[in-house]
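Source file: start-v6.pdb. Holds: PDB, C-alpha atoms.
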```pdb
MODEL        1
ATOM      1  CA  MET A   1     134.930-113.903  -4.986
ATOM      2  CA  ALA A   2     132.061-114.791  -7.331
ATOM      3  CA  LEU A   3     130.308-111.438  -7.066
ATOM      4  CA  PRO A   4     133.348-109.255  -7.862
ATOM      5  CA  LEU A   5     134.267-111.511 -10.787
ATOM      6  CA  ALA A   6     130.736-111.324 -12.212
ATOM      7  CA  PHE A   7     130.660-107.583 -11.784
ATOM      8  CA  GLY A   8     134.047-107.231 -13.447
ATOM      9  CA  ALA A   9     132.956-109.322 -16.416
ATOM     10  CA  GLY A  10     129.807-107.217 -16.845
ATOM     11  CA  SER A  11     131.764-103.979 -16.664
ATOM     12  CA  ALA A  12     134.279-105.179 -19.239
ATOM     13  CA  LYS A  13     131.447-106.154 -21.574
ATOM     14  CA  ALA A  14     129.849-102.732 -21.163
ATOM     15  CA  GLN A  15     133.137-100.971 -21.846
ATOM     16  CA  GLU A  16     133.488-102.913 -25.112
ATOM     17  CA  PHE A  17     130.118-101.578 -26.304
ATOM     18  CA  PRO A  18     129.040-101.629 -29.072
ATOM     19  CA  GLN A  19     129.763-104.927 -30.767
ATOM     20  CA  ARG A  20     126.832-104.798 -33.204
ATOM     21  CA  THR A  21     124.233-102.498 -34.764
ATOM     22  CA  VAL A  22     122.426-100.031 -32.497
ATOM     23  CA  THR A  23     118.770 -99.276 -33.246
ATOM     24  CA  MET A  24     117.558 -95.726 -32.658
ATOM     25  CA  VAL A  25     113.765 -95.788 -32.431
ATOM     26  CA  VAL A  26     111.929 -92.706 -33.698
ATOM     27  CA  PRO A  27     108.377 -92.892 -32.303
ATOM     28  CA  PHE A  28     106.888 -90.931 -35.206
ATOM     29  CA  ALA A  29     106.549 -91.307 -38.959
ATOM     30  CA  ALA A  30     109.460 -90.669 -41.296
ATOM     31  CA  GLY A  31     109.952 -87.136 -42.550
ATOM     32  CA  GLY A  32     109.003 -85.205 -39.421
ATOM     33  CA  SER A  33     111.346 -83.014 -37.419
ATOM     34  CA  THR A  34     112.234 -85.742 -34.919
ATOM     35  CA  ASP A  35     113.027 -88.149 -37.746
ATOM     36  CA  VAL A  36     115.230 -85.573 -39.492
ATOM     37  CA  VAL A  37     117.230 -84.904 -36.316
ATOM     38  CA  ALA A  38     117.562 -88.631 -35.613
ATOM     39  CA  ARG A  39     118.953 -89.464 -39.045
ATOM     40  CA  ILE A  40     121.527 -86.675 -38.901
ATOM     41  CA  VAL A  41     122.679 -87.719 -35.419
ATOM     42  CA  ALA A  42     122.613 -91.467 -36.119
ATOM     43  CA  GLN A  43     124.977 -91.125 -39.060
ATOM     44  CA  LYS A  44     127.579 -89.242 -37.024
ATOM     45  CA  MET A  45     127.209 -91.533 -34.007
ATOM     46  CA  SER A  46     127.836 -94.508 -36.310
ATOM     47  CA  ASP A  47     131.163 -92.998 -37.311
ATOM     48  CA  ASP A  48     132.255 -92.597 -33.695
ATOM     49  CA  LEU A  49     130.931 -95.900 -32.330
ATOM     50  CA  GLY A  50     132.349 -97.988 -35.155
ATOM     51  CA  GLN A  51     129.014 -99.742 -35.543
ATOM     52  CA  GLN A  52     125.987 -98.732 -37.557
ATOM     53  CA  VAL A  53     123.246 -96.792 -35.777
ATOM     54  CA  ILE A  54     120.064 -97.406 -37.752
ATOM     55  CA  VAL A  55     116.874 -95.380 -37.430
ATOM     56  CA  GLN A  56     113.665 -97.343 -36.983
ATOM     57  CA  ASN A  57     110.349 -95.483 -37.244
ATOM     58  CA  VAL A  58     107.755 -96.936 -34.878
ATOM     59  CA  ALA A  59     104.856 -94.514 -35.227
ATOM     60  CA  GLY A  60     101.573 -94.710 -33.363
ATOM     61  CA  ALA A  61      99.647 -93.435 -30.367
ATOM     62  CA  GLY A  62     101.311 -90.028 -30.449
ATOM     63  CA  GLY A  63     104.755 -91.497 -29.851
ATOM     64  CA  ASN A  64     103.753 -93.934 -27.126
ATOM     65  CA  LEU A  65     104.137 -97.095 -29.187
ATOM     66  CA  GLY A  66     107.797 -96.505 -29.988
ATOM     67  CA  ALA A  67     108.596 -95.224 -26.512
ATOM     68  CA  THR A  68     106.943 -98.264 -24.914
ATOM     69  CA  ASN A  69     108.932-100.600 -27.133
ATOM     70  CA  VAL A  70     112.193 -99.041 -25.957
ATOM     71  CA  ALA A  71     111.121 -99.026 -22.295
ATOM     72  CA  ARG A  72     110.559-102.797 -22.572
ATOM     73  CA  ALA A  73     113.689-103.548 -24.619
ATOM     74  CA  ASP A  74     116.804-105.236 -23.253
ATOM     75  CA  ALA A  75     118.808-102.821 -21.118
ATOM     76  CA  ASP A  76     122.016-103.248 -23.074
ATOM     77  CA  GLY A  77     122.239-100.014 -25.098
ATOM     78  CA  TYR A  78     121.433-101.618 -28.436
ATOM     79  CA  THR A  79     117.925-100.149 -28.530
ATOM     80  CA  ILE A  80     117.636 -96.431 -27.786
ATOM     81  CA  LEU A  81     114.890 -93.845 -28.184
ATOM     82  CA  MET A  82     114.833 -90.421 -29.787
ATOM     83  CA  GLY A  83     112.429 -88.977 -27.229
ATOM     84  CA  THR A  84     110.552 -85.694 -27.221
ATOM     85  CA  VAL A  85     108.440 -83.488 -24.991
ATOM     86  CA  ALA A  86     105.483 -85.593 -26.153
ATOM     87  CA  THR A  87     106.927 -88.967 -25.101
ATOM     88  CA  HIS A  88     108.483 -87.799 -21.836
ATOM     89  CA  ALA A  89     106.254 -85.007 -20.518
ATOM     90  CA  LEU A  90     102.893 -84.622 -22.229
ATOM     91  CA  ASN A  91     101.689 -88.119 -23.118
ATOM     92  CA  PRO A  92     102.218 -89.520 -19.610
ATOM     93  CA  LEU A  93     100.097 -86.639 -18.288
ATOM     94  CA  ILE A  94      97.191 -86.861 -20.731
ATOM     95  CA  LEU A  95      96.759 -90.599 -21.272
ATOM     96  CA  LYS A  96      94.246 -92.428 -19.104
ATOM     97  CA  THR A  97      96.334 -95.587 -19.343
ATOM     98  CA  LYS A  98     100.032 -95.039 -18.634
ATOM     99  CA  PRO A  99     102.122 -97.511 -20.676
ATOM    100  CA  TYR A 100     105.374 -96.395 -19.045
ATOM    101  CA  ASP A 101     106.836 -93.978 -16.505
ATOM    102  CA  PRO A 102     108.998 -91.370 -18.267
ATOM    103  CA  GLU A 103     111.318 -90.989 -15.280
ATOM    104  CA  THR A 104     111.750 -94.560 -13.993
ATOM    105  CA  ASP A 105     111.472 -96.672 -17.151
ATOM    106  CA  PHE A 106     114.294 -94.935 -19.036
ATOM    107  CA  ALA A 107     117.967 -94.140 -18.541
ATOM    108  CA  PRO A 108     118.680 -90.588 -19.789
ATOM    109  CA  VAL A 109     121.522 -90.280 -22.299
ATOM    110  CA  SER A 110     121.589 -86.700 -23.634
ATOM    111  CA  LEU A 111     119.324 -83.767 -24.401
ATOM    112  CA  LEU A 112     120.377 -83.010 -27.964
ATOM    113  CA  VAL A 113     118.484 -79.983 -29.310
ATOM    114  CA  LEU A 114     115.721 -77.505 -28.599
ATOM    115  CA  VAL A 115     113.476 -76.579 -31.550
ATOM    116  CA  PRO A 116     111.357 -73.424 -31.308
ATOM    117  CA  ASN A 117     107.653 -73.332 -31.918
ATOM    118  CA  VAL A 118     106.169 -70.223 -33.479
ATOM    119  CA  LEU A 119     102.912 -68.308 -33.240
ATOM    120  CA  VAL A 120     101.731 -67.633 -36.787
ATOM    121  CA  VAL A 121      98.623 -65.966 -38.167
ATOM    122  CA  ASN A 122      96.995 -65.502 -41.534
ATOM    123  CA  PRO A 123      98.237 -62.184 -42.999
ATOM    124  CA  GLU A 124      94.660 -60.916 -43.207
ATOM    125  CA  LEU A 125      94.298 -61.000 -39.423
ATOM    126  CA  PRO A 126      94.542 -57.408 -38.132
ATOM    127  CA  ALA A 127      97.353 -58.165 -35.669
ATOM    128  CA  LYS A 128     101.008 -57.645 -36.497
ATOM    129  CA  THR A 129     102.440 -58.185 -33.013
ATOM    130  CA  VAL A 130     101.750 -60.412 -30.020
ATOM    131  CA  ALA A 131     100.465 -57.380 -28.119
ATOM    132  CA  GLU A 132      98.022 -56.548 -30.924
ATOM    133  CA  LEU A 133      96.827 -60.161 -31.007
ATOM    134  CA  ILE A 134      96.193 -60.151 -27.256
ATOM    135  CA  ALA A 135      94.235 -56.902 -27.565
ATOM    136  CA  LEU A 136      92.194 -58.382 -30.420
ATOM    137  CA  LEU A 137      91.397 -61.544 -28.459
ATOM    138  CA  LYS A 138      90.394 -59.584 -25.371
ATOM    139  CA  ALA A 139      88.166 -57.243 -27.383
ATOM    140  CA  GLU A 140      86.274 -60.140 -28.999
ATOM    141  CA  PRO A 141      86.876 -63.164 -26.742
ATOM    142  CA  GLU A 142      84.516 -65.598 -28.471
ATOM    143  CA  LYS A 143      85.409 -64.793 -32.070
ATOM    144  CA  TYR A 144      88.808 -66.348 -32.788
ATOM    145  CA  SER A 145      90.139 -69.893 -32.973
ATOM    146  CA  TYR A 146      93.581 -71.446 -33.281
ATOM    147  CA  ALA A 147      94.748 -74.587 -35.044
ATOM    148  CA  SER A 148      97.168 -77.267 -33.878
ATOM    149  CA  SER A 149      98.451 -80.618 -35.070
ATOM    150  CA  GLY A 150      96.086 -82.467 -32.707
ATOM    151  CA  ASN A 151      94.644 -82.789 -29.229
ATOM    152  CA  GLY A 152      97.263 -83.113 -26.528
ATOM    153  CA  THR A 153     100.174 -82.290 -28.828
ATOM    154  CA  PRO A 154     102.907 -79.853 -27.798
ATOM    155  CA  LEU A 155     101.453 -77.321 -30.241
ATOM    156  CA  HIS A 156      97.974 -77.593 -28.736
ATOM    157  CA  LEU A 157      99.346 -77.103 -25.245
ATOM    158  CA  SER A 158     101.564 -74.225 -26.380
ATOM    159  CA  GLY A 159      98.299 -72.502 -27.254
ATOM    160  CA  GLU A 160      96.717 -73.408 -23.928
ATOM    161  CA  LEU A 161      99.717 -72.031 -22.037
ATOM    162  CA  PHE A 162      99.497 -68.823 -24.078
ATOM    163  CA  LYS A 163      95.801 -68.459 -23.270
ATOM    164  CA  LYS A 164      96.485 -68.951 -19.573
ATOM    165  CA  MET A 165      99.450 -66.586 -19.326
ATOM    166  CA  ALA A 166      98.049 -63.868 -21.618
ATOM    167  CA  GLY A 167      94.558 -64.043 -20.122
ATOM    168  CA  VAL A 168      92.809 -64.560 -23.456
ATOM    169  CA  SER A 169      90.243 -66.916 -24.942
ATOM    170  CA  MET A 170      90.523 -68.882 -28.200
ATOM    171  CA  LEU A 171      88.737 -71.980 -29.454
ATOM    172  CA  HIS A 172      91.103 -74.856 -30.179
ATOM    173  CA  ILE A 173      90.687 -76.591 -33.565
ATOM    174  CA  PRO A 174      92.677 -79.854 -33.647
ATOM    175  CA  TYR A 175      93.885 -81.355 -36.926
ATOM    176  CA  LYS A 176      95.441 -84.682 -37.832
ATOM    177  CA  GLY A 177      98.910 -83.288 -38.287
ATOM    178  CA  SER A 178     100.598 -79.974 -38.868
ATOM    179  CA  GLY A 179     100.203 -80.038 -42.669
ATOM    180  CA  PRO A 180      96.391 -79.909 -42.811
ATOM    181  CA  ALA A 181      96.332 -77.287 -40.065
ATOM    182  CA  LEU A 182      98.790 -75.081 -41.932
ATOM    183  CA  ASN A 183      96.738 -75.363 -45.103
ATOM    184  CA  ASP A 184      93.638 -74.063 -43.334
ATOM    185  CA  VAL A 185      95.512 -71.201 -41.670
ATOM    186  CA  ILE A 186      97.008 -70.188 -45.021
ATOM    187  CA  GLY A 187      93.513 -70.428 -46.492
ATOM    188  CA  ASN A 188      92.157 -68.338 -43.593
ATOM    189  CA  GLN A 189      89.755 -71.027 -42.432
ATOM    190  CA  VAL A 190      91.397 -70.708 -39.019
ATOM    191  CA  PRO A 191      93.344 -67.494 -38.414
ATOM    192  CA  ILE A 192      95.900 -68.509 -35.757
ATOM    193  CA  MET A 193      98.251 -71.438 -35.169
ATOM    194  CA  PHE A 194     101.123 -72.646 -33.045
ATOM    195  CA  ASP A 195     103.526 -74.695 -35.160
ATOM    196  CA  ASN A 196     107.088 -75.982 -35.188
ATOM    197  CA  LEU A 197     109.245 -73.234 -36.640
ATOM    198  CA  PRO A 198     110.951 -75.502 -39.225
ATOM    199  CA  SER A 199     107.638 -76.539 -40.800
ATOM    200  CA  SER A 200     106.325 -72.951 -40.954
ATOM    201  CA  SER A 201     109.559 -71.268 -42.009
ATOM    202  CA  GLY A 202     108.981 -71.537 -45.756
ATOM    203  CA  HIS A 203     105.499 -70.048 -45.453
ATOM    204  CA  ILE A 204     106.819 -67.223 -43.263
ATOM    205  CA  LYS A 205     109.498 -66.386 -45.827
ATOM    206  CA  ALA A 206     106.928 -66.548 -48.636
ATOM    207  CA  GLY A 207     104.565 -64.207 -46.806
ATOM    208  CA  THR A 208     101.667 -66.671 -46.708
ATOM    209  CA  LEU A 209     101.945 -66.701 -42.917
ATOM    210  CA  ARG A 210     102.865 -63.887 -40.540
ATOM    211  CA  ALA A 211     105.082 -64.852 -37.609
ATOM    212  CA  LEU A 212     104.207 -62.939 -34.441
ATOM    213  CA  GLY A 213     106.582 -64.611 -32.010
ATOM    214  CA  VAL A 214     108.770 -67.615 -31.333
ATOM    215  CA  THR A 215     108.098 -69.610 -28.202
ATOM    216  CA  THR A 216     111.644 -69.994 -26.893
ATOM    217  CA  ALA A 217     113.252 -67.694 -24.329
ATOM    218  CA  GLU A 218     115.697 -66.414 -26.946
ATOM    219  CA  ARG A 219     115.028 -65.367 -30.525
ATOM    220  CA  ALA A 220     115.658 -67.968 -33.218
ATOM    221  CA  ALA A 221     118.913 -67.484 -35.113
ATOM    222  CA  SER A 222     117.124 -68.280 -38.376
ATOM    223  CA  PHE A 223     114.542 -65.513 -37.797
ATOM    224  CA  PRO A 224     116.298 -62.880 -35.662
ATOM    225  CA  ASP A 225     113.709 -60.220 -36.493
ATOM    226  CA  VAL A 226     110.845 -62.271 -35.047
ATOM    227  CA  PRO A 227     110.497 -61.432 -31.333
ATOM    228  CA  THR A 228     109.884 -63.962 -28.607
ATOM    229  CA  ILE A 229     106.414 -64.243 -27.126
ATOM    230  CA  ALA A 230     108.108 -63.729 -23.752
ATOM    231  CA  GLU A 231     109.012 -60.177 -24.774
ATOM    232  CA  THR A 232     105.285 -59.464 -24.449
ATOM    233  CA  VAL A 233     104.190 -62.256 -22.079
ATOM    234  CA  PRO A 234     107.038 -62.537 -19.543
ATOM    235  CA  GLY A 235     107.955 -66.087 -18.623
ATOM    236  CA  TYR A 236     106.245 -67.730 -21.589
ATOM    237  CA  GLU A 237     108.412 -70.503 -23.006
ATOM    238  CA  THR A 238     107.711 -73.700 -24.917
ATOM    239  CA  TYR A 239     109.688 -75.675 -27.433
ATOM    240  CA  THR A 240     110.028 -79.066 -28.982
ATOM    241  CA  TRP A 241     113.076 -80.998 -27.894
ATOM    242  CA  ASN A 242     114.874 -84.162 -28.907
ATOM    243  CA  ALA A 243     116.773 -86.345 -26.489
ATOM    244  CA  LEU A 244     118.259 -89.823 -26.382
ATOM    245  CA  PHE A 245     117.085 -92.398 -23.836
ATOM    246  CA  ALA A 246     117.965 -96.021 -23.182
ATOM    247  CA  PRO A 247     115.920 -98.547 -21.195
ATOM    248  CA  ALA A 248     116.225 -98.273 -17.402
ATOM    249  CA  GLY A 249     118.982-100.458 -16.047
ATOM    250  CA  THR A 250     121.353 -99.924 -18.973
ATOM    251  CA  PRO A 251     124.911-100.110 -17.542
ATOM    252  CA  GLU A 252     126.484 -96.750 -16.768
ATOM    253  CA  PRO A 253     129.556 -97.382 -18.988
ATOM    254  CA  VAL A 254     127.196 -97.975 -21.942
ATOM    255  CA  ILE A 255     125.291 -94.773 -21.158
ATOM    256  CA  ALA A 256     128.599 -92.913 -20.947
ATOM    257  CA  ARG A 257     129.689 -94.298 -24.322
ATOM    258  CA  LEU A 258     126.407 -93.305 -25.972
ATOM    259  CA  ASN A 259     126.582 -89.873 -24.365
ATOM    260  CA  ALA A 260     130.122 -89.295 -25.609
ATOM    261  CA  ALA A 261     129.148 -90.338 -29.146
ATOM    262  CA  ALA A 262     126.079 -88.082 -29.086
ATOM    263  CA  LYS A 263     128.091 -85.099 -27.858
ATOM    264  CA  LYS A 264     130.737 -85.654 -30.520
ATOM    265  CA  ALA A 265     128.024 -85.872 -33.171
ATOM    266  CA  MET A 266     126.428 -82.609 -32.059
ATOM    267  CA  ALA A 267     129.821 -80.853 -32.169
ATOM    268  CA  ASP A 268     130.469 -81.921 -35.761
ATOM    269  CA  PRO A 269     130.559 -78.830 -38.056
ATOM    270  CA  ASP A 270     128.167 -80.451 -40.548
ATOM    271  CA  VAL A 271     125.650 -81.159 -37.777
ATOM    272  CA  VAL A 272     126.036 -77.653 -36.363
ATOM    273  CA  ALA A 273     125.236 -76.208 -39.787
ATOM    274  CA  ARG A 274     122.274 -78.541 -40.328
ATOM    275  CA  MET A 275     120.824 -77.721 -36.921
ATOM    276  CA  LYS A 276     121.160 -73.997 -37.593
ATOM    277  CA  ASP A 277     119.283 -74.400 -40.871
ATOM    278  CA  PHE A 278     116.701 -76.365 -38.911
ATOM    279  CA  SER A 279     116.294 -73.524 -36.367
ATOM    280  CA  ALA A 280     117.457 -75.898 -33.626
ATOM    281  CA  THR A 281     119.634 -74.953 -30.666
ATOM    282  CA  ILE A 282     122.220 -77.594 -29.766
ATOM    283  CA  VAL A 283     122.408 -78.588 -26.092
ATOM    284  CA  ALA A 284     124.252 -81.969 -25.933
ATOM    285  CA  SER A 285     123.714 -82.427 -22.194
ATOM    286  CA  THR A 286     124.921 -84.924 -19.642
ATOM    287  CA  PRO A 287     122.583 -87.739 -18.535
ATOM    288  CA  ASP A 288     121.944 -85.988 -15.206
ATOM    289  CA  GLU A 289     121.058 -82.746 -16.976
ATOM    290  CA  LEU A 290     118.537 -84.593 -19.125
ATOM    291  CA  LYS A 291     117.059 -86.225 -16.041
ATOM    292  CA  THR A 292     116.579 -82.785 -14.456
ATOM    293  CA  HIS A 293     115.132 -81.446 -17.719
ATOM    294  CA  VAL A 294     112.488 -84.182 -17.935
ATOM    295  CA  LYS A 295     111.344 -83.548 -14.367
ATOM    296  CA  ALA A 296     111.138 -79.795 -15.003
ATOM    297  CA  GLU A 297     109.082 -80.351 -18.161
ATOM    298  CA  ILE A 298     106.645 -82.615 -16.324
ATOM    299  CA  ASP A 299     106.292 -80.057 -13.532
ATOM    300  CA  LYS A 300     105.708 -77.238 -16.058
ATOM    301  CA  TRP A 301     103.076 -79.024 -18.110
ATOM    302  CA  THR A 302     101.109 -80.682 -15.295
ATOM    303  CA  PRO A 303      99.017 -77.583 -14.401
ATOM    304  CA  VAL A 304      98.549 -76.676 -18.082
ATOM    305  CA  VAL A 305      97.160 -80.133 -18.897
ATOM    306  CA  LYS A 306      94.946 -80.005 -15.802
ATOM    307  CA  ASP A 307      93.570 -76.539 -16.607
ATOM    308  CA  ALA A 308      92.899 -77.516 -20.218
ATOM    309  CA  ASN A 309      91.217 -80.747 -19.053
ATOM    310  CA  VAL A 310      93.022 -82.772 -21.702
ATOM    311  CA  THR A 311      92.707 -86.559 -21.439
ATOM    312  CA  LEU A 312      93.102 -89.164 -24.160
ATOM    313  CA  ASP A 313      92.287 -92.871 -24.214
TER
ENDMDL
END
```
structure tokens encoding of this file:
Amino acid sequence: MALPLAFGAGSAKAQEFPQRTVTMVVPFAAGGSTDVVARIVAQKMSDDLGQQVIVQNVAGAGGNLGATNVARADADGYTILMGTVATHALNPLILKTKPYDPETDFAPVSLLVLVPNVLVVNPELPAKTVAELIALLKAEPEKYSYASSGNGTPLHLSGELFKKMAGVSMLHIPYKGSGPALNDVIGNQVPIMFDNLPSSSGHIKAGTLRALGVTTAERAASFPDVPTIAETVPGYETYTWNALFAPAGTPEPVIARLNAAAKKAMADPDVVARMKDFSATIVASTPDELKTHVKAEIDKWTPVVKDANVTLD
């Protein structure tokens, strides 16, 4: 009878979760898009869980430091990760040393939101549509370059996927963050960039950048007049996403409780409004749907990373 009793005690403990503060690790610096989403969600999850959900920024190594910390944390639900396409698809593909396995070292909780990227150009570039940009790049294949927030980032690889699918050539210019890259595109030092839509939106509205296309399959609600790249390059789709993960081995009742709190948070009218302002599409998936999503993202990006020959120490 010992085994059933032990199992029953563990299940009861899991169903009483949480009994103390939950730490949501953001694997990037404060102020970025992932941090903004995390703080909005954490506040609403705190209300539902009856315990505080605090955000802890653990920046470094392109998100790997924070993600590794969560992968190695106790599997009790009290340490969770706000993961992204970088932590769970790209970094494991481009790093020579793999600090964790994105599929086996984490328990999926919920895919929360999708955030569009956007193809922007300096207004002086003689291309006002994606089709005109492709024609320009094909006419002078060695002339143009594009900026990104750094080697191996989702924005860099959005550009590499565009090059592959559109059959064009551009030189990649990596920067240490989106801010410096945007400054040089606005200053026409580099004419083209892939960026997160929220960080470029103010410049698009001000006319200092021209948006040619968003990278999601559907147009962004915040910029309905900006077409998708897929309207010109069928099948093209990239985006930044935010999802919650717990360490592998976290009890299923704890995962279910976190999932329910996350879904309730994403359905809150205040959160819905904030996400719309942020150009984010709410998903609020099940754990199994997030698991499928991560695998699909890895499968999509594997050939892109290989073709671009991107490896980082």
Which residues of stretch 80-167 of chain A come within 9 Å of stretch 226-231 of chain A, and what is each one's closest atom pair and distance in Å (one decimal), counting all atoms listed in the file, sorted by chain and residue number, as a Markdown table?
```
| residue | atom | partner | partner_atom | distance |
| --- | --- | --- | --- | --- |
| A:Val118 | CA | A:Ile229 | CA | 8.7 |
| A:Leu119 | CA | A:Ile229 | CA | 8.1 |
| A:Thr129 | CA | A:Pro227 | CA | 8.8 |
| A:Val130 | CA | A:Ile229 | CA | 6.7 |
| A:Phe162 | CA | A:Ile229 | CA | 8.8 |
```
Q. If I put a ball of radius 9 Å at (108.0, -98.7, -27.1) in the file's coordinates, which residues poke into it when counting all atoms listed in the file, written as a PyMOL selection string?
A. chain A and resi 25+27+58+63-73+81+99-100
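Counting from atom CA of A:Thr79, the distance to atom CA of A:Ile282 is 23.0 Å.
Using all atoms listed in the file, the contacts of A:Pro108 at a cut-off of 6 Å, with sequence neighbours closer than 4 positions omitted, comprise Phe245, Pro287 and Lys291 of chain A.
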Q | Separation of atom CA of A:Gly83 from atom CA of A:Lys163, in Å and rounded to one decimal | A | 26.7 Å
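Note that atom CA of A:Ala107 and atom CA of A:Gly249 are 6.9 Å apart.
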(Q) Residues near A:Lys263, anyone? I mean within 12 Å using all atoms listed in the file, not counting same-chain ones fewer than 2 positions away, as an NGL selection string. (A) :A and (41-42 or 44-45 or 48 or 109-113 or 243-244 or 256-261 or 265-268 or 271-272 or 282-287)
(Q) Which residues, named as in the file, does the PyMOL selection byres ((chain A and resi 120-123) around 8) pick out? Answer as number ranges by chain. (A) A: 118-119, 124-126, 185-188, 191-195, 207-213
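Minimum distance to A:Ala308 across A:Glu140, A:Glu160, A:Asp76, A:Glu16 (counting only C-alpha atoms) occurs at A:Glu160.
Residues matched by the PyMOL selection byres ((chain A and resi 117) around 6) in this structure: Pro116, Val118, Asp195, Asn196, Leu197, Val214, Thr215 and Tyr239 of chain A.
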Q: Name the residues captured by the PyMOL selection byres ((chain A and resi 146) around 8) when it is applied to the shown file; answer as a ChimeraX atom specification.
A: /A:144-145,147-148,159,170-173,190-194
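Each of A:Met24, A:Ala59, A:Ile204, A:Leu312 was compared to A:Gln43 using all atoms listed in the file, and A:Met24 turns out to be the nearest.
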Around all the atoms of stretch 157-160 of chain A listed in the file, with 6 Å of room on each side, what axis-aligned box do you get, giving centre and edge lengths in Å to one decimal, as AutoDock Vina command-line options?
```
--center_x 99.1 --center_y -74.8 --center_z -25.6 --size_x 16.8 --size_y 16.6 --size_z 15.3
```
Q | Non-local contacts of A:Gly62 (12 Å; only C-alpha atoms; under 3 positions in same chain excluded) as number ranges by chain | A | A: 26-29, 58-59, 65-68, 83-88, 90-92, 94-95, 149-154, 176-177, 312-313
